[in-house]
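Enquirer: Can you keep this structure in mind? I'll have questions shortly.
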Amino acid sequence: MLRLIYTSVQTPGFDRQAFEQLCEQASRNNQRLGITGLLLSNGMEFMQCLEGPKDTVASVYRKILLDSRHSDIRLLVSEDTDCLLFTAWSMMGLGTKPQSVLSGESIAYTLLDHRLYRPWKSLGLGAGDLIYEYAKVKAELEKAGEMGLLSKVFDVF
Ligand SMILES: Cc1cc2nc3c(=O)[nH]c(=O)nc-3n(C[C@H](O)[C@H](O)[C@H](O)COP(=O)(O)O)c2cc1C
């Protein structure tokens with residue numbers, strides 16, 4: 001299996017509704033393809049983790065690179081793995097604190113400051129490591145889902 005983690009910058013005008021539509025599209029396709037992952041948005045940037053069969057992930061990533069809804073795509077992690085972080089999440093969309101609240105901060109810092117999990121706020125993690133931290137609180141997020149808080153796009157700020 002292959003895991004990719006990247007960040008990118010949203011095209012101006014990309015709004016909450018567009019994010020919900022994107023998560024729906026991605027989730028629908030990924031379910032069919034056997035891909036799982038997480039898509040984070042702070043309203044200005046994305047961070048995504050894609051995992052699944054190597055060739056399938058690579059071909060979806062090639063499509064994603066060409067998508068006009070974002071630019072400045074930076075691949076942070078590309079690794080072989082036997083252990084999927086986001087099993088059963090065909091593409092969970094998480095909306096985080098808007099970047100404007102923390103002017104000048106990158107998505108890494110914005111994402112660190114959310115209401116479910118804070119201990120790593122001061123750990124100085126690399127940007128890609130954030131995804132692994134979300135994987136650790138997946139059970140917590142799923143529990144929130146059982147309580148009815150988890151919709152297609154789930155706000156974590
Ligand atoms: C940030 C971002 C993340 C995306 N993630 C996925 C994804 O996980 N799976 C997917 O199939 N398409 C994803 N897409 C959409 C693809 O770029 C592309 O539009 C889509 O795969 C086209 O397939 P379709 O026309 O058959 O729906 C993403 C696009 C963006 C901008």
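Residues are named by chain letter and number: chains run A, B, ... in the order of the structure tokens, numbers start at 1 in each chain, and ligands are numbered from 1 in the order shown.
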Output the neighbourhood of ligand 1 as a PyMOL selection string, that is, all protein and nucleic acid residues with some atom at most 7 Å from the ligand, counting only C-alpha atoms and all ligand atoms.
Expert: chain A and resi 22+25-27+29-30+39+46+48+50+60+63-70+91
Enquirer: Could you save the residues just selected, with N, CA and C atoms, as a tab-separated table (two decimals), in the first residue's frame?
Expert:
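Produced file again_5.tsv, reproduced below:
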```tsv
chain	number	residue	atom	x	y	z
A	22	LEU	N	-16.50	18.71	-2.90
A	22	LEU	CA	-15.25	18.01	-3.18
A	22	LEU	C	-15.13	16.74	-2.34
A	25	GLN	N	-17.43	14.08	-3.74
A	25	GLN	CA	-16.88	13.51	-4.98
A	25	GLN	C	-15.72	12.56	-4.66
A	26	ALA	N	-14.81	13.03	-3.81
A	26	ALA	CA	-13.63	12.23	-3.48
A	26	ALA	C	-14.05	10.94	-2.78
A	27	SER	N	-14.97	11.07	-1.85
A	27	SER	CA	-15.41	9.93	-1.07
A	27	SER	C	-16.10	8.88	-1.95
A	29	ASN	N	-15.68	8.43	-5.23
A	29	ASN	CA	-14.68	7.78	-6.08
A	29	ASN	C	-13.83	6.80	-5.28
A	30	ASN	N	-13.40	7.25	-4.10
A	30	ASN	CA	-12.45	6.45	-3.33
A	30	ASN	C	-13.07	5.15	-2.83
A	39	LEU	N	-9.04	14.67	4.43
A	39	LEU	CA	-8.81	15.94	3.74
A	39	LEU	C	-9.10	17.08	4.70
A	46	PHE	N	-5.22	23.15	1.82
A	46	PHE	CA	-5.59	21.76	2.08
A	46	PHE	C	-4.39	21.02	2.64
A	48	GLN	N	-3.88	16.75	2.68
A	48	GLN	CA	-4.60	15.49	2.40
A	48	GLN	C	-3.68	14.30	2.62
A	50	LEU	N	-3.76	10.34	1.43
A	50	LEU	CA	-4.38	9.35	0.53
A	50	LEU	C	-3.67	8.03	0.76
A	60	VAL	N	-4.89	8.46	-8.86
A	60	VAL	CA	-5.76	9.53	-8.32
A	60	VAL	C	-4.92	10.78	-8.04
A	63	LYS	N	-4.43	12.86	-11.05
A	63	LYS	CA	-5.61	13.68	-11.36
A	63	LYS	C	-5.66	14.90	-10.45
A	64	ILE	N	-5.38	14.66	-9.17
A	64	ILE	CA	-5.44	15.74	-8.19
A	64	ILE	C	-4.46	16.86	-8.54
A	65	LEU	N	-3.28	16.46	-9.04
A	65	LEU	CA	-2.26	17.46	-9.41
A	65	LEU	C	-2.78	18.42	-10.48
A	66	LEU	N	-3.69	17.93	-11.32
A	66	LEU	CA	-4.20	18.73	-12.44
A	66	LEU	C	-5.45	19.52	-12.08
A	67	ASP	N	-5.94	19.37	-10.86
A	67	ASP	CA	-7.22	19.97	-10.48
A	67	ASP	C	-7.08	21.47	-10.25
A	68	SER	N	-7.97	22.25	-10.91
A	68	SER	CA	-7.85	23.71	-10.84
A	68	SER	C	-8.37	24.29	-9.53
A	69	ARG	N	-8.88	23.45	-8.65
A	69	ARG	CA	-9.38	23.96	-7.37
A	69	ARG	C	-8.25	24.26	-6.38
A	70	HIS	N	-7.04	23.92	-6.75
A	70	HIS	CA	-5.90	24.22	-5.88
A	70	HIS	C	-4.62	24.36	-6.69
A	91	MET	N	-12.98	9.30	2.47
A	91	MET	CA	-12.28	10.59	2.48
A	91	MET	C	-13.02	11.50	3.44
```
Enquirer: Of the candidates A:Thr36, A:Leu75, A:Gly93, A:Leu85, which shows the shortest atom-to-atom distance to Gln17 of chain A, using only C-alpha atoms?
Expert: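 Checking each candidate against Gln17 of chain A, we get A:Gly93 as the closest.
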Enquirer: Enter the distance from atom CA of Ser90 of chain A to atom CA of Leu33 of chain A, in Å, rounded to one decimal.
Expert: 9.3 Å
Enquirer: Of the residues A:Glu45, A:Leu130, A:Arg32, A:Gly37, which is the one nearest to Phe14 of chain A, using only C-alpha atoms?
Expert: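 So, comparing all the options, the nearest one is A:Glu45.
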Enquirer: Here is a test: counting only C-alpha atoms, which residue of A:Gln31, A:Thr96, A:Thr56, A:Ser41 is nearest to Ala18 of chain A?
Expert: A:Ser41
Enquirer: Restricting the calculation to only C-alpha atoms: of A:Gly43, A:Pro53, A:Gly34, A:Gly128, which residue gets closest to Glu20 of chain A?
Expert: A:Gly43
Enquirer: Quick one: distance from atom CA of Glu79 of chain A to atom CA of Lys54 of chain A in Å, one decimal?
Expert: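 So the answer is 9.8 Å.
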Enquirer: From the list A:Pro12, A:Cys49, A:Phe19, A:Leu40, which residue is nearest Val77 of chain A when using only C-alpha atoms?
Expert: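 For Val77 of chain A, the nearest of the candidates is A:Cys49.
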Enquirer: Enter the distance from atom CA of Tyr6 of chain A to atom CA of Ile73 of chain A, in Å, rounded to one decimal.
Expert: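 Spanning atom CA of Tyr6 of chain A to atom CA of Ile73 of chain A is a straight-line distance of 6.7 Å.
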